[in-house]
file start-v3.txt (compact mmCIF, C-alpha atoms)
# COMPACT_ATOMS: atom_id res chain seq x y z
CA MET A 1 55.71 23.36 220.33
CA LEU A 2 58.90 24.81 221.66
CA PHE A 3 57.20 25.67 224.95
CA ARG A 4 56.00 22.12 225.37
CA CYS A 5 59.48 20.74 224.90
CA SER A 6 60.93 23.12 227.46
CA LEU A 7 58.26 22.15 229.95
CA ILE A 8 58.93 18.50 229.50
CA SER A 9 62.67 19.02 230.01
CA ALA A 10 62.03 20.95 233.20
CA LEU A 11 59.80 18.19 234.55
CA LEU A 12 62.39 15.56 233.77
CA LEU A 13 65.14 17.52 235.57
CA THR A 14 62.90 17.96 238.61
CA VAL A 15 62.05 14.24 238.76
CA SER A 16 65.72 13.32 238.35
CA GLY A 17 66.74 15.64 241.19
CA CYS A 18 64.07 14.30 243.49
CA THR A 19 65.20 10.76 242.73
CA LEU A 20 68.85 11.53 243.60
CA THR A 21 67.83 13.26 246.83
CA SER A 22 65.68 10.33 247.84
CA GLN A 23 68.48 7.81 247.23
CA HIS A 24 70.94 9.83 249.33
CA GLN A 25 68.51 10.00 252.23
CA HIS A 26 67.91 6.27 251.97
CA GLN A 27 71.64 5.60 252.11
CA GLU A 28 72.06 7.74 255.22
CA THR A 29 69.17 5.93 256.85
CA LEU A 30 70.77 2.57 256.06
CA ASN A 31 74.10 3.73 257.46
CA LYS A 32 72.48 4.85 260.73
CA MET A 33 70.65 1.55 260.99
CA ASP A 34 73.92 -0.33 260.49
CA THR A 35 75.56 1.77 263.22
CA VAL A 36 72.68 1.14 265.63
CA ALA A 37 72.80 -2.59 264.82
CA ALA A 38 76.57 -2.73 265.49
CA GLN A 39 76.17 -0.89 268.80
CA SER A 40 73.35 -3.20 269.79
CA GLN A 41 75.50 -6.22 268.97
CA GLN A 42 78.39 -4.88 271.07
CA GLN A 43 76.07 -4.17 273.99
CA GLN A 44 74.61 -7.65 273.66
CA GLN A 45 78.16 -9.14 273.76
CA ARG A 46 79.01 -7.14 276.86
CA LEU A 47 75.85 -8.36 278.58
CA THR A 48 76.68 -11.93 277.56
CA ASN A 49 80.21 -11.60 279.05
CA THR A 50 78.79 -10.12 282.26
CA PHE A 51 76.30 -12.98 282.60
CA THR A 52 79.11 -15.51 281.97
CA GLN A 53 81.24 -13.96 284.74
CA HIS A 54 78.29 -13.97 287.12
CA ASP A 55 77.64 -17.63 286.32
CA ALA A 56 81.31 -18.50 287.08
CA ALA A 57 81.15 -16.59 290.36
CA LEU A 58 77.94 -18.33 291.33
CA THR A 59 79.48 -21.71 290.48
CA GLN A 60 82.57 -20.99 292.66
CA LEU A 61 80.37 -19.77 295.50
CA SER A 62 78.28 -22.91 295.24
CA GLN A 63 81.43 -25.07 295.46
CA GLN A 64 82.62 -23.17 298.56
CA VAL A 65 79.22 -23.62 300.21
CA THR A 66 79.34 -27.35 299.44
CA ALA A 67 82.86 -27.63 300.97
CA MET A 68 81.75 -25.76 304.10
CA GLU A 69 78.76 -28.04 304.43
CA SER A 70 81.09 -31.06 304.27
CA GLN A 71 83.38 -29.59 306.95
CA LEU A 72 80.39 -28.81 309.11
CA THR A 73 79.23 -32.41 308.79
CA VAL A 74 82.65 -33.69 309.93
CA VAL A 75 82.69 -31.28 312.89
CA GLN A 76 79.21 -32.38 313.90
CA ARG A 77 80.28 -36.04 313.80
CA ILE A 78 83.35 -35.36 315.95
CA GLN A 79 81.26 -33.33 318.36
CA ALA A 80 78.75 -36.16 318.63
CA LYS A 81 81.56 -38.64 319.41
CA LEU A 82 83.01 -36.36 322.07
CA TYR A 83 79.63 -35.98 323.74
CA ALA A 84 79.17 -39.75 323.59
CA ASN A 85 82.60 -40.33 325.17
CA LEU A 86 81.86 -37.85 327.93
CA ALA A 87 78.54 -39.54 328.61
CA ASN A 88 80.18 -42.97 328.78
CA LYS A 89 83.42 -41.89 330.52
CA LYS A 90 84.41 -44.26 333.28
CA PRO A 91 85.68 -42.94 336.61
CA ASP A 92 89.44 -42.71 337.00
CA VAL A 93 90.96 -45.73 338.66
CA LYS A 94 94.03 -45.15 340.78
CA VAL A 95 96.63 -47.83 340.15
CA LYS A 96 98.79 -48.70 343.10
CA GLU A 97 102.44 -48.24 342.32
CA LYS A 98 104.50 -51.37 342.15
CA VAL A 99 106.92 -51.69 345.05
CA VAL A 100 110.35 -52.84 343.93
CA ARG A 101 112.08 -54.96 346.53
CA VAL A 102 115.85 -54.78 346.79
CA PRO A 103 117.41 -58.21 346.31
CA VAL A 104 119.07 -59.44 349.51
CA ASN A 105 121.10 -62.45 350.44
CA ASN A 106 121.20 -63.36 354.12
CA ASP A 107 120.23 -59.78 355.06
CA LYS A 108 122.86 -58.38 352.72
CA VAL A 109 122.20 -56.26 349.67
CA VAL A 110 123.23 -57.75 346.33
CA LEU A 111 125.40 -55.46 344.19
CA GLY A 112 126.31 -55.99 340.55
CA GLY A 113 129.71 -55.58 339.00
CA ARG A 114 128.66 -52.08 337.86
CA GLU A 115 126.48 -49.77 339.95
CA TRP A 116 125.40 -46.10 340.14
CA VAL A 117 126.92 -44.13 343.04
CA TRP A 118 125.36 -40.95 344.47
CA PHE A 119 127.68 -38.45 346.21
CA ASP A 120 125.93 -36.29 348.81
CA ALA A 121 128.66 -33.62 348.67
CA VAL A 122 127.93 -32.67 345.05
CA GLU A 123 124.47 -34.20 344.67
CA ASN A 124 125.53 -36.05 341.56
CA THR A 125 125.61 -39.63 340.31
CA PHE A 126 128.57 -41.46 338.78
CA GLN A 127 129.10 -44.94 337.43
CA SER A 128 131.31 -47.21 339.46
CA ARG A 129 133.05 -50.53 339.18
CA VAL A 130 132.53 -52.81 342.18
CA ASP A 131 135.86 -54.60 342.60
CA THR A 132 136.13 -57.50 345.04
CA GLY A 133 139.89 -57.58 344.42
CA ALA A 134 140.50 -54.04 345.65
CA GLU A 135 140.59 -53.31 349.36
CA THR A 136 140.07 -49.54 349.25
CA SER A 137 137.87 -47.37 347.09
CA SER A 138 139.18 -44.86 344.57
CA LEU A 139 137.73 -41.63 343.18
CA ASN A 140 138.78 -39.87 340.00
CA ALA A 141 140.43 -36.48 340.69
CA VAL A 142 142.33 -34.10 338.42
CA ASP A 143 143.78 -30.66 339.05
CA ILE A 144 144.10 -31.36 342.79
CA GLN A 145 144.70 -28.17 344.80
CA GLU A 146 145.78 -28.38 348.43
CA PHE A 147 144.80 -25.58 350.85
CA GLU A 148 144.24 -24.94 354.56
CA ARG A 149 140.86 -24.27 356.19
CA ASP A 150 140.36 -23.78 359.95
CA GLY A 151 143.76 -25.32 360.60
CA ASP A 152 143.00 -28.48 358.59
CA THR A 153 144.33 -29.55 355.22
CA TRP A 154 141.72 -29.59 352.47
CA VAL A 155 141.84 -30.48 348.80
CA LYS A 156 139.83 -29.16 345.86
CA PHE A 157 139.68 -31.34 342.79
CA ASN A 158 137.76 -31.92 339.60
CA VAL A 159 135.86 -35.20 339.32
CA ASN A 160 136.39 -35.15 335.60
CA HIS A 161 136.15 -38.21 333.40
CA SER A 162 136.42 -38.98 329.71
CA GLU A 163 132.71 -39.75 329.37
CA ASN A 164 131.65 -36.33 330.77
CA SER A 165 134.75 -34.21 330.25
CA ASP A 166 132.69 -31.21 329.10
CA GLN A 167 130.84 -31.11 332.45
CA PRO A 168 133.43 -30.81 335.23
CA VAL A 169 132.27 -31.38 338.82
CA PHE A 170 134.34 -29.87 341.62
CA MET A 171 134.60 -31.22 345.18
CA GLU A 172 136.15 -29.73 348.30
CA MET A 173 136.91 -32.15 351.15
CA PRO A 174 139.20 -32.31 354.17
CA VAL A 175 142.12 -34.70 353.90
CA LYS A 176 141.80 -37.54 356.38
CA ARG A 177 145.25 -38.96 355.72
CA TRP A 178 147.92 -39.43 353.06
CA VAL A 179 149.03 -42.68 351.49
CA ARG A 180 151.97 -43.77 349.37
CA ILE A 181 151.05 -45.68 346.20
CA ARG A 182 153.74 -47.56 344.30
CA GLN A 183 153.32 -47.57 340.55
CA SER A 184 153.42 -51.01 338.96
CA SER A 185 155.41 -49.68 336.02
CA SER A 186 158.18 -48.10 338.15
CA ASP A 187 159.77 -48.12 341.57
CA THR A 188 158.60 -44.61 342.42
CA THR A 189 155.71 -43.88 344.78
CA ASP A 190 153.01 -41.24 344.64
CA ARG A 191 151.68 -39.38 347.67
CA ARG A 192 147.90 -39.30 347.42
CA PRO A 193 145.22 -37.80 349.68
CA VAL A 194 142.47 -39.89 351.22
CA VAL A 195 139.07 -38.27 351.82
CA GLU A 196 135.74 -39.38 353.26
CA ALA A 197 132.45 -38.96 351.44
CA TRP A 198 128.82 -39.92 352.05
CA ILE A 199 127.55 -42.03 349.16
CA ARG A 200 124.43 -44.01 348.26
CA VAL A 201 124.26 -47.28 346.37
CA GLY A 202 120.77 -48.76 346.38
CA ASN A 203 119.66 -48.90 350.01
CA ILE A 204 123.19 -48.46 351.31
CA HIS A 205 123.98 -45.00 352.63
CA GLU A 206 127.53 -44.99 353.99
CA LYS A 207 130.45 -42.72 354.68
CA THR A 208 133.50 -44.31 353.13
CA GLU A 209 137.11 -43.47 352.34
CA PHE A 210 138.34 -42.73 348.82
CA THR A 211 141.90 -42.48 347.59
CA LEU A 212 142.09 -39.68 345.04
CA ALA A 213 143.68 -40.70 341.75
CA ASP A 214 143.63 -39.71 338.11
CA ARG A 215 141.28 -42.29 336.59
CA THR A 216 140.63 -40.55 333.28
CA ASN A 217 142.25 -43.48 331.49
CA MET A 218 139.97 -45.90 333.34
CA GLU A 219 136.52 -46.98 332.21
CA TYR A 220 134.69 -45.61 335.28
CA PRO A 221 135.46 -42.63 337.54
CA VAL A 222 134.68 -44.54 340.77
CA LEU A 223 135.98 -47.84 342.08
CA LEU A 224 134.31 -49.41 345.15
CA GLY A 225 136.56 -51.69 347.18
CA ARG A 226 135.91 -54.25 349.92
CA GLU A 227 136.17 -51.67 352.70
CA PHE A 228 132.90 -50.18 351.46
CA PHE A 229 130.67 -53.21 350.99
CA LYS A 230 132.04 -55.70 353.52
CA ASP A 231 129.39 -56.81 356.03
CA LEU A 232 126.81 -54.91 353.95
CA ALA A 233 126.57 -56.54 350.53
CA VAL A 234 127.48 -59.49 348.38
CA ILE A 235 128.66 -59.05 344.80
CA ASP A 236 127.19 -60.76 341.75
CA VAL A 237 129.60 -59.83 338.98
CA SER A 238 127.32 -61.39 336.34
CA LYS A 239 124.84 -58.53 336.80
CA GLU A 240 125.06 -54.78 336.28
CA HIS A 241 123.07 -51.84 337.63
CA ILE A 242 120.82 -53.88 339.88
CA HIS A 243 119.87 -50.69 341.69
CA PRO A 244 118.47 -47.63 339.87
CA GLN A 245 120.03 -44.19 340.17
CA TYR A 246 119.17 -42.43 343.40
CA GLN A 247 116.59 -39.65 342.97
CA PRO A 248 116.77 -37.13 345.85
CA ASP A 249 113.26 -35.84 345.10
CA THR A 250 111.75 -39.29 345.62
CA PRO A 251 110.95 -39.96 349.30
CA SER A 252 112.29 -43.26 350.57
CA THR A 253 110.85 -45.56 353.18
CA PRO A 254 112.30 -45.54 356.73
CA SER A 255 113.90 -48.91 356.11
CA ASP A 256 115.74 -47.52 353.10
CA ASP A 257 117.36 -44.74 355.16
CA ASP A 258 117.96 -46.61 358.41
CA THR A 259 118.89 -50.18 357.44
CA HIS A 260 122.50 -49.60 356.35
CA GLN A 261 123.29 -46.14 357.64
CA LYS A 262 125.91 -45.79 360.31
call {"tool": "encode", "arguments": {"input": "start-v3.txt", "output": "structure tokens"}}
result
Amino acid sequence: MLFRCSLISALLLTVSGCTLTSQHQHQETLNKMDTVAAQSQQQQQRLTNTFTQHDAALTQLSQQVTAMESQLTVVQRIQAKLYANLANKKPDVKVKEKVVRVPVNNDKVVLGGREWVWFDAVENTFQSRVDTGAETSSLNAVDIQEFERDGDTWVKFNVNHSENSDQPVFMEMPVKRWVRIRQSSSDTTDRRPVVEAWIRVGNIHEKTEFTLADRTNMEYPVLLGREFFKDLAVIDVSKEHIHPQYQPDTPSTPSDDDTHQK
């Protein structure tokens, strides 16, 4: 009887130990399965993120391709228009330049009250007042310097005026004679040089005398008197700049050079 009880106790302890060992192994198996499941879930999430990024890149690439296709369509349309214009291009037609006739009155040139004057000596153009009340012409001159050249008296001066004071123009000319000018505001007289210069006004190309004077307080640096335009022109004071500025690079007709040149 005692032996039977001992045997039963031993069997119970063996079964109990086997049961505990089996439960521990099952728990380890479950833990490994959970770990594998978690790793699989993480890998699946990474694959999902990668696919999402690839989809975004494909979408952006598709948009760029669509934009390039639109630009290509526009270029093709422009190219087609250019080819059409070249196919339908008309031959160039040469238009004859309009000839501007100088207004004359009884074979005399008409000058306005204000005209452009070209000076051959300095190859420059200045504005002038055409004054029927003045007998002689006058030219603005400042800083006049008198000197001798080849036995003759010369003067160097600056044709400087208020409207172009930052661009002085210097002239050197022989003195033809000297004149005495009485100032209206005093009884004193000024000794002024008179020079000759070739000038152009419209079709008129003449050598005329100028009295040098400081005209910086005047409106224009040049005054043309009757000695210049008598027998050559009539004056219409109601008009200004009838004749354009002389352009030395523009060839003129023979009549322009020969009609009024002495």
call {"tool": "closest_residue", "arguments": {"input": "start-v3.txt", "among": "A:Gln145, A:Ser128, A:Gln79, A:Ser137", "to": "Gly112 in chain A", "atoms": "all atoms listed in the file"}}
result
A:Ser128
call {"tool": "closest_residue", "arguments": {"input": "start-v3.txt", "among": "A:Val142, A:Gln39, A:Ala56, A:Val201", "to": "His241 in chain A", "atoms": "all atoms listed in the file"}}
result
A:Val201
call {"tool": "residues_around", "arguments": {"input": "start-v3.txt", "residues": "Thr136 in chain A", "least_positions_apart": "3", "cutoff": "7 Å", "atoms": "only C-alpha atoms", "output": "list of chain:residue names"}}
result
A:Gly225, A:Arg226, A:Glu227
call {"tool": "closest_residue", "arguments": {"input": "start-v3.txt", "among": "A:Arg129, A:Val159, A:Leu61, A:Met68", "to": "Thr216 in chain A", "atoms": "only C-alpha atoms"}}
result
A:Val159
call {"tool": "residues_near_point", "arguments": {"input": "start-v3.txt", "point": "(134.8, -44.1, 342.3)", "cutoff": "10 Å", "atoms": "all atoms listed in the file", "output": "JSON list (two decimals) with C-alpha atoms, keeping the file's coordinate frame"}}
result
[["chain", "number", "residue", "atom", "x", "y", "z"],
["A", 116, "TRP", "CA", 125.40, -46.10, 340.14],
["A", 117, "VAL", "CA", 126.92, -44.13, 343.04],
["A", 119, "PHE", "CA", 127.68, -38.45, 346.21],
["A", 126, "PHE", "CA", 128.57, -41.46, 338.78],
["A", 127, "GLN", "CA", 129.10, -44.94, 337.43],
["A", 128, "SER", "CA", 131.31, -47.21, 339.46],
["A", 129, "ARG", "CA", 133.05, -50.53, 339.18],
["A", 130, "VAL", "CA", 132.53, -52.81, 342.18],
["A", 137, "SER", "CA", 137.87, -47.37, 347.09],
["A", 138, "SER", "CA", 139.18, -44.86, 344.57],
["A", 139, "LEU", "CA", 137.73, -41.63, 343.18],
["A", 140, "ASN", "CA", 138.78, -39.87, 340.00],
["A", 141, "ALA", "CA", 140.43, -36.48, 340.69],
["A", 159, "VAL", "CA", 135.86, -35.20, 339.32],
["A", 210, "PHE", "CA", 138.34, -42.73, 348.82],
["A", 211, "THR", "CA", 141.90, -42.48, 347.59],
["A", 212, "LEU", "CA", 142.09, -39.68, 345.04],
["A", 213, "ALA", "CA", 143.68, -40.70, 341.75],
["A", 215, "ARG", "CA", 141.28, -42.29, 336.59],
["A", 220, "TYR", "CA", 134.69, -45.61, 335.28],
["A", 221, "PRO", "CA", 135.46, -42.63, 337.54],
["A", 222, "VAL", "CA", 134.68, -44.54, 340.77],
["A", 223, "LEU", "CA", 135.98, -47.84, 342.08],
["A", 224, "LEU", "CA", 134.31, -49.41, 345.15],
["A", 225, "GLY", "CA", 136.56, -51.69, 347.18]]
call {"tool": "residues_near_point", "arguments": {"input": "start-v3.txt", "point": "(139.8, -29.4, 348.6)", "cutoff": "7 Å", "atoms": "all atoms listed in the file", "output": "PDB file with C-alpha atoms, in the frame of the given file"}}
result
ATOM      1  CA  GLN A 145     144.700 -28.170 344.800  1.00  0.00           C
ATOM      2  CA  GLU A 146     145.780 -28.380 348.430  1.00  0.00           C
ATOM      3  CA  PHE A 147     144.800 -25.580 350.850  1.00  0.00           C
ATOM      4  CA  TRP A 154     141.720 -29.590 352.470  1.00  0.00           C
ATOM      5  CA  VAL A 155     141.840 -30.480 348.800  1.00  0.00           C
ATOM      6  CA  LYS A 156     139.830 -29.160 345.860  1.00  0.00           C
ATOM      7  CA  PHE A 157     139.680 -31.340 342.790  1.00  0.00           C
ATOM      8  CA  MET A 171     134.600 -31.220 345.180  1.00  0.00           C
ATOM      9  CA  GLU A 172     136.150 -29.730 348.300  1.00  0.00           C
ATOM     10  CA  MET A 173     136.910 -32.150 351.150  1.00  0.00           C
ATOM     11  CA  PRO A 174     139.200 -32.310 354.170  1.00  0.00           C
TER      12      PRO A 174
END
call {"tool": "atom_distance", "arguments": {"input": "start-v3.txt", "atom1": "CA of Gln23 in chain A", "atom2": "CA of Ser40 in chain A"}}
result
25.6 Å
call {"tool": "atom_distance", "arguments": {"input": "start-v3.txt", "atom1": "CA of Ala233 in chain A", "atom2": "CA of Leu111 in chain A"}}
result
6.5 Å
call {"tool": "atom_distance", "arguments": {"input": "start-v3.txt", "atom1": "CA of Lys239 in chain A", "atom2": "CA of Gly113 in chain A"}}
result
6.1 Å
call {"tool": "closest_residue", "arguments": {"input": "start-v3.txt", "among": "A:His243, A:Lys176, A:His26, A:Lys32", "to": "Arg114 in chain A", "atoms": "all atoms listed in the file"}}
result
A:His243
call {"tool": "axis_aligned_box", "arguments": {"input": "start-v3.txt", "around": "range 134-137 of chain A", "padding_each_side": "6 Å", "output": "JSON"}}
result
{"center_x": 139.2, "center_y": -50.7, "center_z": 347.5, "size_x": 14.7, "size_y": 18.7, "size_z": 15.7}
